[in-house]
Structure formats: structure tokens, C-alpha cells
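Colleague: My file is model23.cif. It has mmCIF, C-alpha atoms and all ligand atoms:
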data_coords
#
loop_
_atom_site.label_atom_id
_atom_site.label_comp_id
_atom_site.auth_asym_id
_atom_site.auth_seq_id
_atom_site.Cartn_x
_atom_site.Cartn_y
_atom_site.Cartn_z
CA MET A 1 -3.26 -6.05 40.26
CA ALA A 2 -4.13 -9.22 38.31
CA ARG A 3 -1.06 -11.12 37.11
CA ILE A 4 -1.96 -10.67 33.42
CA GLU A 5 -2.11 -6.89 33.89
CA SER A 6 1.16 -6.79 35.80
CA GLN A 7 2.68 -8.90 33.02
CA ALA A 8 1.59 -6.22 30.58
CA LYS A 9 3.28 -3.60 32.72
CA ALA A 10 6.50 -5.48 33.22
CA GLY A 11 6.58 -6.93 29.71
CA PHE A 12 6.95 -3.63 27.88
CA TYR A 13 10.31 -4.03 26.17
CA PRO A 14 9.79 -2.06 22.98
CA THR A 15 11.94 -2.86 19.98
CA PRO A 16 14.92 -0.48 20.20
CA ASP A 17 14.79 2.40 17.69
CA SER A 18 18.08 1.30 16.13
CA VAL A 19 16.62 -2.17 15.39
CA CYS A 20 13.39 -0.65 13.98
CA GLU A 21 15.42 1.60 11.70
CA LEU A 22 17.51 -1.36 10.47
CA LEU A 23 14.44 -3.54 9.89
CA LYS A 24 12.72 -0.75 7.98
CA THR A 25 15.45 -0.82 5.32
CA LYS A 26 14.78 -4.53 4.69
CA ILE A 27 11.03 -4.21 4.01
CA THR A 28 8.94 -3.23 1.02
CA CYS A 29 5.18 -3.78 0.66
CA GLU A 30 2.92 -4.55 -2.27
CA ASP A 31 -0.08 -2.24 -2.56
CA GLY A 32 -2.81 -3.34 -0.13
CA ALA A 33 -0.51 -5.35 2.16
CA ARG A 34 -1.70 -5.79 5.78
CA LEU A 35 0.81 -5.61 8.65
CA PHE A 36 -0.14 -7.00 12.07
CA ASP A 37 1.40 -6.69 15.56
CA PRO A 38 -0.63 -8.66 18.19
CA CYS A 39 1.26 -7.07 21.11
CA CYS A 40 1.86 -3.68 19.60
CA GLY A 41 2.72 -1.59 22.68
CA THR A 42 2.50 2.07 21.63
CA GLY A 43 2.54 1.06 17.93
CA ALA A 44 5.91 2.75 17.40
CA ALA A 45 7.68 -0.36 16.03
CA LEU A 46 5.02 -1.37 13.49
CA SER A 47 4.42 2.18 12.32
CA CYS A 48 8.17 2.55 11.71
CA LEU A 49 8.14 -0.54 9.43
CA ALA A 50 4.93 0.38 7.58
CA THR A 51 4.93 1.90 4.12
CA ALA A 52 2.32 4.38 2.83
CA ASN A 53 0.66 1.70 0.65
CA SER A 54 0.07 -0.74 3.54
CA THR A 55 -2.46 -0.95 6.40
CA THR A 56 -1.44 -1.57 10.01
CA TYR A 57 -3.28 -3.54 12.72
CA GLY A 58 -2.42 -3.92 16.40
CA VAL A 59 -3.62 -5.48 19.65
CA GLU A 60 -2.47 -4.30 23.08
CA LEU A 61 -3.33 -5.32 26.64
CA SER A 62 -2.46 -2.01 28.29
CA HIS A 63 -5.26 0.52 27.73
CA GLU A 64 -2.88 3.45 27.89
CA ARG A 65 -0.56 1.99 25.25
CA ALA A 66 -3.48 0.87 23.05
CA THR A 67 -4.79 4.45 23.11
CA GLU A 68 -1.37 5.77 22.09
CA ALA A 69 -1.05 3.09 19.38
CA ARG A 70 -4.31 4.37 17.82
CA THR A 71 -2.47 7.58 16.93
CA ARG A 72 0.07 5.56 14.91
CA LEU A 73 -1.67 2.47 13.49
CA HIS A 74 -4.82 2.21 11.35
CA GLN A 75 -6.75 -0.16 13.63
CA VAL A 76 -5.97 -1.08 17.23
CA LEU A 77 -7.88 -3.39 19.56
CA TRP A 78 -7.57 -3.27 23.32
CA GLY A 79 -7.62 -6.74 24.87
CA ASP A 80 -5.82 -9.94 25.73
CA ALA A 81 -4.45 -11.17 22.41
CA LEU A 82 -4.42 -14.79 23.59
CA GLN A 83 -8.03 -14.86 24.82
CA GLU A 84 -10.20 -12.08 23.48
CA ILE A 85 -9.36 -11.40 19.85
CA ARG A 86 -11.08 -12.74 16.73
CA PHE A 87 -9.21 -12.42 13.45
CA THR A 88 -9.48 -13.87 9.95
CA TYR A 89 -6.95 -16.59 9.19
CA GLN A 90 -4.39 -15.94 6.43
CA ALA A 91 -5.40 -12.29 6.14
CA PHE A 92 -2.03 -10.63 6.86
CA GLY A 93 1.17 -10.36 4.82
CA LEU A 94 3.45 -9.46 7.74
CA LEU A 95 3.25 -10.64 11.34
CA TYR A 96 5.46 -8.59 13.65
CA LEU A 97 5.76 -10.38 16.95
CA ASN A 98 7.72 -9.08 19.94
CA PRO A 99 5.74 -10.75 22.74
CA PRO A 100 6.27 -10.56 26.51
CA TYR A 101 9.27 -12.62 27.63
CA ASP A 102 7.72 -14.69 30.40
CA ASN A 103 5.98 -17.90 31.38
CA SER A 104 2.24 -18.42 30.96
CA ILE A 105 0.15 -18.11 34.11
CA SER A 106 -2.52 -20.78 33.94
CA PRO A 107 -2.36 -22.68 37.26
CA ASP A 108 -3.96 -25.86 35.89
CA GLU A 109 -1.76 -26.23 32.81
CA LYS A 110 1.91 -26.92 32.50
CA SER A 111 3.59 -23.53 32.34
CA GLN A 112 4.62 -22.59 28.80
CA ARG A 113 6.66 -19.75 27.39
CA LEU A 114 4.48 -16.83 26.27
CA GLU A 115 6.70 -16.32 23.20
CA THR A 116 5.71 -19.83 22.07
CA LEU A 117 2.02 -19.35 22.88
CA PHE A 118 1.87 -16.10 20.88
CA LEU A 119 3.66 -17.68 17.92
CA ARG A 120 1.34 -20.69 17.81
CA HIS A 121 -1.76 -18.56 18.30
CA TYR A 122 -0.94 -16.11 15.51
CA LEU A 123 1.01 -18.02 12.87
CA ASN A 124 -2.25 -18.76 11.06
CA SER A 125 -2.93 -15.05 10.71
CA LEU A 126 -0.28 -15.09 7.94
CA GLN A 127 -1.19 -15.74 4.35
CA PRO A 128 0.92 -18.26 2.38
CA GLY A 129 4.15 -16.52 1.39
CA GLY A 130 3.68 -13.95 4.17
CA PHE A 131 6.55 -12.93 6.48
CA LEU A 132 7.12 -13.31 10.19
CA ILE A 133 9.44 -11.02 12.11
CA PHE A 134 9.80 -12.58 15.56
CA ILE A 135 11.82 -10.90 18.32
CA ILE A 136 12.67 -13.13 21.27
CA PRO A 137 15.51 -13.87 23.69
CA TYR A 138 17.73 -16.18 21.57
CA TYR A 139 17.58 -19.06 24.11
CA ILE A 140 13.81 -19.42 23.43
CA LEU A 141 14.87 -20.93 20.07
CA ALA A 142 15.60 -24.08 22.09
CA ASP A 143 12.07 -24.19 23.54
CA LYS A 144 10.60 -27.32 21.95
CA GLY A 145 7.20 -25.79 21.08
CA CYS A 146 8.81 -22.68 19.63
CA ALA A 147 11.41 -24.53 17.54
CA GLN A 148 8.76 -26.91 16.20
CA ALA A 149 6.29 -24.18 15.29
CA LEU A 150 9.00 -22.23 13.47
CA ALA A 151 10.55 -25.23 11.71
CA ARG A 152 7.26 -26.76 10.54
CA ASN A 153 5.65 -23.59 9.21
CA PHE A 154 8.42 -21.31 7.99
CA THR A 155 11.71 -21.14 6.18
CA VAL A 156 13.72 -19.44 8.89
CA GLN A 157 16.78 -17.23 9.26
CA VAL A 158 18.09 -16.03 12.63
CA PHE A 159 19.98 -12.80 13.27
CA GLY A 160 21.55 -11.47 16.45
CA PHE A 161 20.60 -8.05 17.85
CA PRO A 162 23.32 -5.41 17.43
CA GLU A 163 25.89 -6.08 20.18
CA ASP A 164 25.12 -3.04 22.37
CA GLU A 165 21.37 -3.83 22.32
CA PHE A 166 21.93 -7.59 22.82
CA GLN A 167 23.22 -7.27 26.38
CA ALA A 168 19.88 -6.25 27.97
CA PHE A 169 17.57 -9.15 26.98
CA ARG A 170 19.79 -11.21 24.64
CA GLN A 171 17.36 -10.95 21.78
CA CYS A 172 17.53 -12.26 18.27
CA VAL A 173 15.38 -11.55 15.22
CA VAL A 174 13.84 -14.49 13.39
CA PHE A 175 12.75 -13.94 9.79
CA GLY A 176 10.26 -16.57 8.65
CA ARG A 177 8.48 -17.06 5.33
CA ARG A 178 5.19 -18.94 5.70
CA LYS A 179 5.38 -22.10 3.59
CA ARG A 180 4.52 -25.76 3.54
CA ILE A 181 7.70 -27.40 4.86
CA ALA A 182 8.72 -30.99 4.05
CA ALA A 183 9.19 -33.21 7.14
CA ASP A 184 12.96 -33.78 6.65
CA GLN A 185 13.60 -30.05 6.14
CA ALA A 186 11.53 -29.23 9.26
CA GLU A 187 13.58 -31.73 11.27
CA SER A 188 16.95 -30.24 10.28
CA SER A 189 15.61 -26.69 10.80
CA GLU A 190 14.41 -27.62 14.31
CA GLN A 191 17.82 -29.07 15.12
CA TYR A 192 19.53 -25.89 13.88
CA LEU A 193 17.27 -23.69 16.05
CA ASN A 194 17.94 -25.93 19.05
CA GLU A 195 21.67 -25.65 18.58
CA LEU A 196 21.50 -21.84 18.36
CA GLY A 197 19.28 -21.61 21.44
CA ARG A 198 21.64 -23.73 23.54
CA MET A 199 24.75 -21.67 22.80
CA GLU A 200 26.41 -19.48 25.40
CA PRO A 201 25.42 -15.82 24.80
CA ASP A 202 28.84 -14.71 23.54
CA VAL A 203 29.10 -17.75 21.25
CA PHE A 204 25.63 -17.04 19.85
CA LEU A 205 26.54 -13.43 19.18
CA ALA A 206 29.73 -14.45 17.41
CA GLU A 207 28.05 -17.22 15.35
CA ALA A 208 24.77 -15.57 14.38
CA GLU A 209 24.52 -13.45 11.27
CA THR A 210 23.98 -9.76 11.88
CA LEU A 211 20.92 -7.75 10.87
CA GLU A 212 23.19 -5.35 9.00
CA SER A 213 24.17 -8.20 6.65
CA VAL A 214 20.58 -8.70 5.41
CA VAL A 215 20.14 -7.45 1.85
CA PRO A 216 18.02 -4.24 1.81
CA ALA A 217 14.40 -4.63 0.61
CA SER A 218 14.66 -8.44 0.78
CA ILE A 219 11.35 -8.79 2.65
CA HIS A 220 8.65 -8.10 0.09
CA VAL A 221 5.30 -8.18 1.94
CA PRO A 222 2.59 -9.55 -0.38
CA ALA A 223 -0.75 -7.84 -0.98
CA ALA A 224 -3.68 -9.23 1.02
CA ILE A 225 -5.44 -12.11 -0.72
CA LYS A 226 -8.73 -12.10 1.16
CA PRO A 227 -10.99 -9.64 2.99
CA LEU A 228 -10.44 -9.09 6.70
CA ALA A 229 -13.85 -10.44 7.70
CA ALA A 230 -13.05 -10.52 11.44
CA PHE A 231 -10.84 -8.29 13.54
CA SER A 232 -12.52 -7.66 16.87
CA THR A 233 -12.17 -7.89 20.64
CA SER A 234 -14.67 -9.12 23.20
CA ARG A 235 -13.60 -6.30 25.61
CA PHE A 236 -15.67 -3.17 25.77
CA ASP A 237 -13.38 -0.22 25.23
CA PRO A 238 -15.07 3.01 26.41
CA ALA A 239 -12.66 5.11 24.36
CA VAL A 240 -14.21 3.50 21.25
CA GLY A 241 -17.68 2.58 22.54
CA ILE A 242 -18.80 5.83 24.17
CA PRO A 243 -18.22 8.07 21.14
CA ALA A 244 -20.02 5.44 19.01
CA ILE A 245 -22.94 5.27 21.49
CA ARG A 246 -23.15 9.10 21.59
CA LYS A 247 -23.05 9.33 17.80
CA ALA A 248 -25.86 6.80 17.52
CA GLY A 249 -27.91 8.82 20.07
CA ILE A 250 -28.65 5.77 22.24
CA LEU A 251 -26.85 6.80 25.44
CA GLN A 252 -30.04 7.05 27.53
CA GLY A 253 -31.15 3.60 26.38
CA VAL A 254 -27.77 2.10 27.25
CA LEU A 255 -27.86 3.63 30.76
CA GLU A 256 -31.37 2.27 31.33
CA GLU A 257 -30.21 -1.19 30.22
CA LEU A 258 -27.41 -1.03 32.79
CA ALA A 259 -29.68 -0.33 35.75
CA PRO A 260 -30.75 -3.34 37.82
CA ARG A 261 -34.10 -4.77 36.69
CA LYS A 262 -35.51 -4.93 40.18
CA LYS A 263 -34.94 -2.37 42.93
CA ASN A 264 -34.42 -4.37 46.06
CA PHE A 265 -34.50 -2.25 49.17
CA ILE A 266 -32.40 -4.29 51.51
CA ARG A 267 -32.17 -3.38 55.18
CA PRO A 268 -29.10 -5.07 56.59
CA LEU A 269 -29.23 -5.90 60.30
CA SER A 270 -25.83 -4.35 60.89
CA MET A 271 -23.42 -2.06 59.06
CA LEU A 272 -22.01 -3.63 55.90
CA GLU A 273 -18.32 -4.49 55.94
CA ASN A 274 -16.20 -3.47 52.95
CA GLY A 275 -16.28 -7.07 51.69
CA HIS A 276 -20.09 -7.06 51.69
CA LEU A 277 -20.17 -3.74 49.87
CA ALA A 278 -17.81 -5.09 47.23
CA LEU A 279 -20.14 -8.05 46.66
CA VAL A 280 -23.21 -5.80 46.47
CA LEU A 281 -21.43 -3.65 43.89
CA ALA A 282 -20.15 -6.61 41.90
CA GLY A 283 -23.60 -8.24 42.04
CA GLY A 284 -25.01 -5.31 40.09
CA PHE A 285 -27.19 -3.72 42.81
CA MET A 286 -25.59 -0.33 42.22
CA ASN A 287 -25.31 -0.48 38.43
CA GLY A 288 -26.16 2.68 36.58
CA GLU A 289 -25.14 6.30 36.33
CA ILE A 290 -24.03 8.39 39.33
CA GLU A 291 -22.61 11.87 39.81
CA LYS A 292 -19.62 12.27 42.10
CA ASN A 293 -17.46 15.38 42.58
CA GLY A 294 -18.97 16.84 39.42
CA LYS A 295 -18.10 13.72 37.40
CA ARG A 296 -20.59 11.52 35.56
CA LEU A 297 -19.70 7.92 36.27
CA VAL A 298 -21.33 4.72 35.06
CA VAL A 299 -20.95 1.75 37.43
CA LYS A 300 -21.24 -1.87 36.29
CA GLY A 301 -20.64 -4.85 38.55
CA VAL A 302 -19.45 -8.13 37.11
CA VAL A 303 -18.66 -11.47 38.71
CA ARG A 304 -16.25 -13.48 36.56
CA LYS A 305 -15.72 -17.20 36.97
CA GLU A 306 -12.06 -18.24 36.83
CA SER A 307 -10.41 -21.64 36.44
CA PRO A 308 -11.33 -23.79 39.46
CA VAL A 309 -8.91 -24.10 42.36
CA VAL A 310 -7.78 -27.68 42.83
CA SER A 311 -6.34 -28.93 46.12
CA THR A 312 -5.33 -32.46 47.01
CA SER A 313 -4.77 -34.14 50.35
CA CYS A 314 -3.40 -37.55 51.34
CA ASP A 315 -4.44 -39.84 54.18
CA GLU A 316 -1.84 -40.30 56.89
CA ASP A 317 -1.08 -43.86 55.78
CA GLY A 318 -0.59 -42.57 52.22
CA LYS A 319 -3.08 -45.09 50.81
CA GLY A 320 -5.96 -42.79 50.06
CA GLY A 321 -6.78 -39.13 49.73
CA SER A 322 -9.13 -36.61 48.24
CA ILE A 323 -9.23 -33.97 45.54
CA THR A 324 -11.25 -30.83 46.21
CA ILE A 325 -12.30 -28.63 43.31
CA ARG A 326 -13.63 -25.21 44.27
CA ASP A 327 -15.06 -22.69 41.81
CA LYS A 328 -13.34 -19.34 41.97
CA TYR A 329 -15.32 -16.13 41.40
CA ILE A 330 -13.71 -12.74 40.97
CA PRO A 331 -15.98 -9.82 41.94
CA THR A 332 -15.15 -6.85 39.75
CA VAL A 333 -16.52 -3.34 39.49
CA ARG A 334 -16.01 -1.38 36.31
CA ILE A 335 -16.46 2.41 36.39
CA ILE A 336 -16.61 4.43 33.20
CA ASP A 337 -15.92 8.16 33.39
CA MET A 338 -18.36 9.48 30.78
CA GLU A 339 -16.51 12.74 30.17
CA THR A 340 -13.05 11.30 29.55
CA ALA A 341 -14.27 7.88 28.31
CA THR A 342 -11.79 6.17 30.63
CA LEU A 343 -12.40 2.86 32.31
CA HIS A 344 -11.40 2.04 35.90
CA THR A 345 -11.46 -1.56 37.06
CA VAL A 346 -11.57 -2.50 40.74
CA GLN A 347 -11.01 -6.15 41.54
C1 LIG A 401 7.81 -6.54 24.28
S1 LIG A 401 6.51 -5.35 24.20
C2 LIG A 401 6.48 -5.06 22.44
C3 LIG A 401 5.90 -3.77 22.01
C4 LIG A 401 6.03 -3.49 20.49
N1 LIG A 401 5.49 -4.56 19.69
C5 LIG A 401 7.49 -3.32 20.13
O1 LIG A 401 8.06 -4.23 19.57
O2 LIG A 401 8.03 -2.25 20.43
C6 LIG A 401 5.15 -6.43 24.49
C7 LIG A 401 3.80 -5.75 24.61
O3 LIG A 401 2.82 -6.78 24.72
C8 LIG A 401 1.80 -6.36 25.60
N2 LIG A 401 1.12 -7.56 26.08
C9 LIG A 401 1.47 -8.39 27.09
N3 LIG A 401 0.59 -9.41 27.20
C10 LIG A 401 -0.35 -9.19 26.22
C11 LIG A 401 -1.52 -9.88 25.84
N4 LIG A 401 -1.90 -10.99 26.47
N5 LIG A 401 -2.25 -9.37 24.83
C12 LIG A 401 -1.88 -8.23 24.17
N6 LIG A 401 -0.78 -7.54 24.51
C13 LIG A 401 -0.02 -8.01 25.51
C14 LIG A 401 2.55 -5.58 26.68
O4 LIG A 401 1.65 -4.68 27.30
C15 LIG A 401 3.63 -4.89 25.85
O5 LIG A 401 3.20 -3.60 25.46
#
Would you encode the structure as C-alpha cells?

Modeller:
Amino acid sequence: MARIESQAKAGFYPTPDSVCELLKTKITCEDGARLFDPCCGTGAALSCLATANSTTYGVELSHERATEARTRLHQVLWGDALQEIRFTYQAFGLLYLNPPYDNSISPDEKSQRLETLFLRHYLNSLQPGGFLIFIIPYYILADKGCAQALARNFTVQVFGFPEDEFQAFRQCVVFGRRKRIAADQAESSEQYLNELGRMEPDVFLAEAETLESVVPASIHVPAAIKPLAAFSTSRFDPAVGIPAIRKAGILQGVLEELAPRKKNFIRPLSMLENGHLALVLAGGFMNGEIEKNGKRLVVKGVVRKESPVVSTSCDEDGKGGSITIRDKYIPTVRIIDMETATLHTVQ
């Protein structure tokens, strides 16, 4: 399983129901407010906070959870929120962010905390005066990138999780109001966040204000101020695409497009090994529709180029050396079950 997918699996720490219920009492929405959760899981947390006069938007990496979230939120995209999503800046009144608690995976960059990457990537989705609700392990407050992004873009307040929920992942809730922040105020706010993040867990819990102490209805989510011109994913989601293709009556055309342009009848000299077969599949030689065990399946091979692999070596005397950069290609076969509109990916 690719690391990003396993991260999605392991990183499912939904907001506890008790915290959702508490947060719900603190929120009201103006008519036409948009609420956004870029790692929405099953959509349960955002739908709990939403009011009848607001619209909810989510993104989720796990296909199963994205499908479930569609039963709770108004619009849900399936995809990698850090790579594949287009959205209009300043189009949302509330950004609910409870990202995976982990390090980033890029081998050629310095590893960064995902909480910080998500915050930086999505803070511009908020309109001026919009609210951030950010759920993270409290010690991430001392991560330089995170503290800076919070201090420079928001007026912030930090609350501890209720004590019995705190023990598992030591989370806090950050409330932020999107504003232009003066440099001296940002500096003192960053220092405050750093101090909180460096505390011992029991000291943090004793020092931090509690969520219960927040005045009810104190987060008033503003109405949207501009149209949502873009909210899309570059991933093809069969659960959305196949019904749309069927409705448009263009299924046959799509299947013909998928088939390889040229039929090459290759006669290998010896039996193909599994590795060869995988490459033939990924290269698109078997694209198209097949029937297997009474199922209609559509096969599409893709070869994706990943970040290059860099290796270095030194001469024995330590005076010289070489750097080798090799391109890395990932052969992938995607299989769509046409009856259930489910997608299987073999890598
Ligand atoms: C901590 S859970 C939060 C779920 C929900 N927002 C809540 O608070 O209950 C994080 C979710 O982010 C998803 N996720 C992880 N990496 C992601 C990515 N790159 N893009 C979109 N979602 C991602 C995981 O699959 C998981 O469901």
C-alpha cells in the first residue's frame, strides 16, 4: 500500500462526539455561510457543527469514507487535499481542520508536520473575518511553521480537550479569526503558542482554558462573500463519474476511447513473468472493457512518474564523488467495476 494511503488509514482519528457536541453549542451561521473540512473523514464532525442555513464541503483521501461523507455533507471530493484539489480562495466562512497527525512523506524535502502543511495550504480558503477550528496535538503549537502561520493570520485562542479525551492524542482546539495581524502582535502571539506547545502535558491541561468555558454562540460564521467558482479534484471518482457518464448516454464512446489505439499482436519468445504482465497492463495494452465472473470491468493502465530517486557516493579518499538521479515510474492498473461503480487500484 502506498504510504499516503496507509497514512489515510492510520490517520483516522475522528473528533470525539463529546467535543463535536460542545463545539456545536459555540457556533451559529449567517444565511448562506459555507463550512469546509479538507480532511473530512466520514463527514460526521462537520455535519454535527452545520446549521440548516449553511452549506458543507469536504475532501477525503479514503474512498470509503468519502462515500460515507456524501450522505452527510452537501459536496464531497475524493482526493489528496494537498495535491489534487482546486478551490476558490476566501470562499469559506468556517475552516474545520483536524488533519492527520504525522510527518510529511516527500523524500527530497525536509520532513514537515502534516498539521502545518494542511494549515498553510488551506488558510487562504477562509474569507476575511472567517473562523478556523483547528484540532491538533497541543505540542504542534511549538512547531515553527504552525505557530507562525497561526500568529500571522489569525487572532487565536487555545483550549484543551476535555481531560478524559486528552489522554489519547493530547489534542487541543485552536479557534482563529482570519484577520490582518500587526507584526508586533504576531510576534507575541507566536511566543505564546510556543510556550503552550513546550509545556508538559499535565501542565498544559492545567493552564489551558477549557472548551466548556467558551461563551455559547460566540463563533458567528459569516455569509459567503463570493461565488465558489472552483471546487474540484483531479481524481476520477467512478462513484460520481459513472452515473454522470450513464446519464449523458456516452458510455460506449468512453469505452472506445479507453481501448488502445493500435492492436499490437505481440508473440513473446517465452512465457511472460508476472512483472512483464504488470508492465503490459500498466502500459495500456489491455485497456478496455472485460467480463469476468459475470462482472463488467473496465481496465485502465497508467504509469505515473514520481519524484526522482537521488543517491550519492564518495570516492575512497573522500575528495570526490558522484550524484546519481534516477527517474522513478510507478506502474498502476485501475479497474472499475461498472455495476457497483467501485475503483480498485493495483500498484
Ligand atoms: C483526524 S481524521 C479527521 C476526520 C474528521 N475531520 C473529524 O474531525 O472527525 C483525518 C482524516 O484525513 C484523511 N486524510 C489523510 N490524508 C489526507 C489527504 N492528503 N487528503 C485528504 N484527506 C486526508 C484521513 O483519511 C482521515 O479520514

Colleague: Here is a test: counting all atoms listed in the file, which residue of A:Asp80, A:Cys20, A:Glu64, A:Thr55 is nearest to ligand LIG 401 (chain A)?

Modeller: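 Under the stated criterion, the closest residue is A:Asp80.
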
Colleague: List as JSON lines every residue of range 64-153 of chain A that is in contact with range 189-195 of chain A, defined as an atom at most 10 Å from one of its atoms (using only C-alpha atoms), together with the nearest atom pair and the distance in Å rounded to one decimal, sorted by chain and then rising number.

Modeller:
{"residue": "A:Tyr138", "atom": "CA", "partner": "A:Leu193", "partner_atom": "CA", "distance": 9.3}
{"residue": "A:Tyr139", "atom": "CA", "partner": "A:Asn194", "partner_atom": "CA", "distance": 8.5}
{"residue": "A:Ile140", "atom": "CA", "partner": "A:Asn194", "partner_atom": "CA", "distance": 8.9}
{"residue": "A:Leu141", "atom": "CA", "partner": "A:Leu193", "partner_atom": "CA", "distance": 5.4}
{"residue": "A:Ala142", "atom": "CA", "partner": "A:Asn194", "partner_atom": "CA", "distance": 4.3}
{"residue": "A:Asp143", "atom": "CA", "partner": "A:Asn194", "partner_atom": "CA", "distance": 7.6}
{"residue": "A:Lys144", "atom": "CA", "partner": "A:Asn194", "partner_atom": "CA", "distance": 8.0}
{"residue": "A:Cys146", "atom": "CA", "partner": "A:Glu190", "partner_atom": "CA", "distance": 9.2}
{"residue": "A:Ala147", "atom": "CA", "partner": "A:Glu190", "partner_atom": "CA", "distance": 5.4}
{"residue": "A:Gln148", "atom": "CA", "partner": "A:Glu190", "partner_atom": "CA", "distance": 6.0}
{"residue": "A:Ala149", "atom": "CA", "partner": "A:Glu190", "partner_atom": "CA", "distance": 8.9}
{"residue": "A:Leu150", "atom": "CA", "partner": "A:Glu190", "partner_atom": "CA", "distance": 7.7}
{"residue": "A:Ala151", "atom": "CA", "partner": "A:Glu190", "partner_atom": "CA", "distance": 5.2}
{"residue": "A:Arg152", "atom": "CA", "partner": "A:Glu190", "partner_atom": "CA", "distance": 8.1}

Colleague: Any idea what the distance is between CA of Ile245 in chain A and CA of Ser232 in chain A?

Modeller: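 Answer for the CA of Ile245 in chain A to CA of Ser232 in chain A separation: 17.2 Å.
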
Colleague: Using all atoms listed in the file, find each residue with an atom at most 6 Å away from ligand LIG 401 (chain A) and format the answer as a list of chain:residue names.

Modeller: A:Ala8, A:Lys9, A:Gly11, A:Phe12, A:Tyr13, A:Pro14, A:Thr15, A:Cys39, A:Cys40, A:Gly41, A:Ala45, A:Val59, A:Glu60, A:Leu61, A:Ser62, A:Gly79, A:Asp80, A:Ala81, A:Leu82, A:Asn98, A:Pro99, A:Pro100

Colleague: Measuring between all atoms listed in the file, which one of A:Lys319, A:Lys292, A:Arg326, A:His63 shows the shortest distance to Glu306 in chain A?

Modeller: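 Closest to Glu306 in chain A, using all atoms listed in the file: A:Arg326.
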
Colleague: Could you pull out every residue with an atom within 7 Å of (20.7, -13.7, 25.5), file coordinates, counting all atoms listed in the file, and send them as a PDB file with C-alpha atoms, in the coordinates of the input?

Modeller:
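So the final result, stored in part-v9.pdb, reads:
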ATOM      1  CA  PRO A 137      15.510 -13.870  23.690  1.00  0.00           C
ATOM      2  CA  TYR A 138      17.730 -16.180  21.570  1.00  0.00           C
ATOM      3  CA  TYR A 139      17.580 -19.060  24.110  1.00  0.00           C
ATOM      4  CA  PHE A 166      21.930  -7.590  22.820  1.00  0.00           C
ATOM      5  CA  GLN A 167      23.220  -7.270  26.380  1.00  0.00           C
ATOM      6  CA  PHE A 169      17.570  -9.150  26.980  1.00  0.00           C
ATOM      7  CA  ARG A 170      19.790 -11.210  24.640  1.00  0.00           C
ATOM      8  CA  GLN A 171      17.360 -10.950  21.780  1.00  0.00           C
ATOM      9  CA  PRO A 201      25.420 -15.820  24.800  1.00  0.00           C
TER      10      PRO A 201
END

Colleague: I'd like the interatomic distance between CA of Leu211 in chain A and CA of Val156 in chain A, to a tenth of an Å.

Modeller: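 CA of Val156 in chain A lies at a distance of 13.9 Å from CA of Leu211 in chain A.
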
Colleague: One number please: CA of Arg267 in chain A to CA of Ala282 in chain A, in Å, one decimal.

Modeller: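 The value is 18.2 Å.
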
Colleague: Go through A:Ile219, A:Met338, A:Ile133, A:Met271 and flag the residue nearest Gly294 in chain A, using only C-alpha atoms for the distances.

Modeller: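 Once distances to Gly294 in chain A are computed over only C-alpha atoms, the minimum belongs to A:Met338.
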
Colleague: Show which residues sit within 9 Å of range 332-337 of chain A, as a short mmCIF file (atom, residue, chain, number, x, y, z; two decimals) with C-alpha atoms, in the coordinates of the input. Count all atoms listed in the file, and ignore same-chain residues fewer than 5 positions away.

Modeller:
data_model
loop_
_atom_site.label_atom_id
_atom_site.label_comp_id
_atom_site.auth_asym_id
_atom_site.auth_seq_id
_atom_site.Cartn_x
_atom_site.Cartn_y
_atom_site.Cartn_z
CA PRO A 238 -15.07 3.01 26.41
CA ALA A 278 -17.81 -5.09 47.23
CA LEU A 279 -20.14 -8.05 46.66
CA LEU A 281 -21.43 -3.65 43.89
CA ALA A 282 -20.15 -6.61 41.90
CA GLY A 283 -23.60 -8.24 42.04
CA GLY A 284 -25.01 -5.31 40.09
CA LYS A 295 -18.10 13.72 37.40
CA ARG A 296 -20.59 11.52 35.56
CA LEU A 297 -19.70 7.92 36.27
CA VAL A 298 -21.33 4.72 35.06
CA VAL A 299 -20.95 1.75 37.43
CA LYS A 300 -21.24 -1.87 36.29
CA GLY A 301 -20.64 -4.85 38.55
CA VAL A 302 -19.45 -8.13 37.11
CA VAL A 303 -18.66 -11.47 38.71
CA ARG A 304 -16.25 -13.48 36.56
CA THR A 342 -11.79 6.17 30.63
CA LEU A 343 -12.40 2.86 32.31
CA HIS A 344 -11.40 2.04 35.90
CA THR A 345 -11.46 -1.56 37.06
CA VAL A 346 -11.57 -2.50 40.74
CA GLN A 347 -11.01 -6.15 41.54
#

Colleague: The residues within 8 Å of (15.4, -11.7, 10.3), using only C-alpha atoms and the coordinates of the file, should be reported as a ChimeraX atom specification; which are they?

Modeller: /A:133-134,157-159,173-176,211,214

Colleague: Name the residues in contact with Leu73 in chain A at a cut-off of 8 Å, using all atoms listed in the file, excluding same-chain residues fewer than 5 positions from it; report them as a PDB file with C-alpha atoms, in the coordinates of the input.

Modeller:
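Full text of selection-v2.pdb as output:
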ATOM      1  CA  GLY A  43       2.540   1.060  17.930  1.00  0.00           C
ATOM      2  CA  LEU A  46       5.020  -1.370  13.490  1.00  0.00           C
ATOM      3  CA  SER A  47       4.420   2.180  12.320  1.00  0.00           C
ATOM      4  CA  THR A  55      -2.460  -0.950   6.400  1.00  0.00           C
ATOM      5  CA  THR A  56      -1.440  -1.570  10.010  1.00  0.00           C
ATOM      6  CA  TYR A  57      -3.280  -3.540  12.720  1.00  0.00           C
ATOM      7  CA  GLY A  58      -2.420  -3.920  16.400  1.00  0.00           C
TER       8      GLY A  58
END

Colleague: Using all atoms listed in the file, find the one residue out of A:Lys226, A:Lys26, A:Ile136, A:Gly145 that sits nearest to Arg120 in chain A.

Modeller: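 So, comparing all the options, the nearest one is A:Gly145.
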
Colleague: May I ask which of the residues A:Leu258, A:Leu97, A:Ile135, A:Ala168 is the closest one to Tyr122 in chain A, counting only C-alpha atoms?

Modeller: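 Of the candidates, the smallest distance to Tyr122 in chain A is held by A:Leu97.
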
Colleague: Pick out the closest residue to Gln127 in chain A from this set: A:Pro227, A:Gly241, A:Gly160, A:Gly288. Count only C-alpha atoms.

Modeller: A:Pro227

Colleague: Starting from 6 Å padding per side, set up an axis-aligned box that covers all listed atoms of range 229-243 of chain A and hand over centre and edge lengths in Å, one decimal, as AutoDock Vina command-line options.

Modeller:
--center_x -14.8 --center_y -1.2 --center_z 17.1 --size_x 20.0 --size_y 30.6 --size_z 30.7
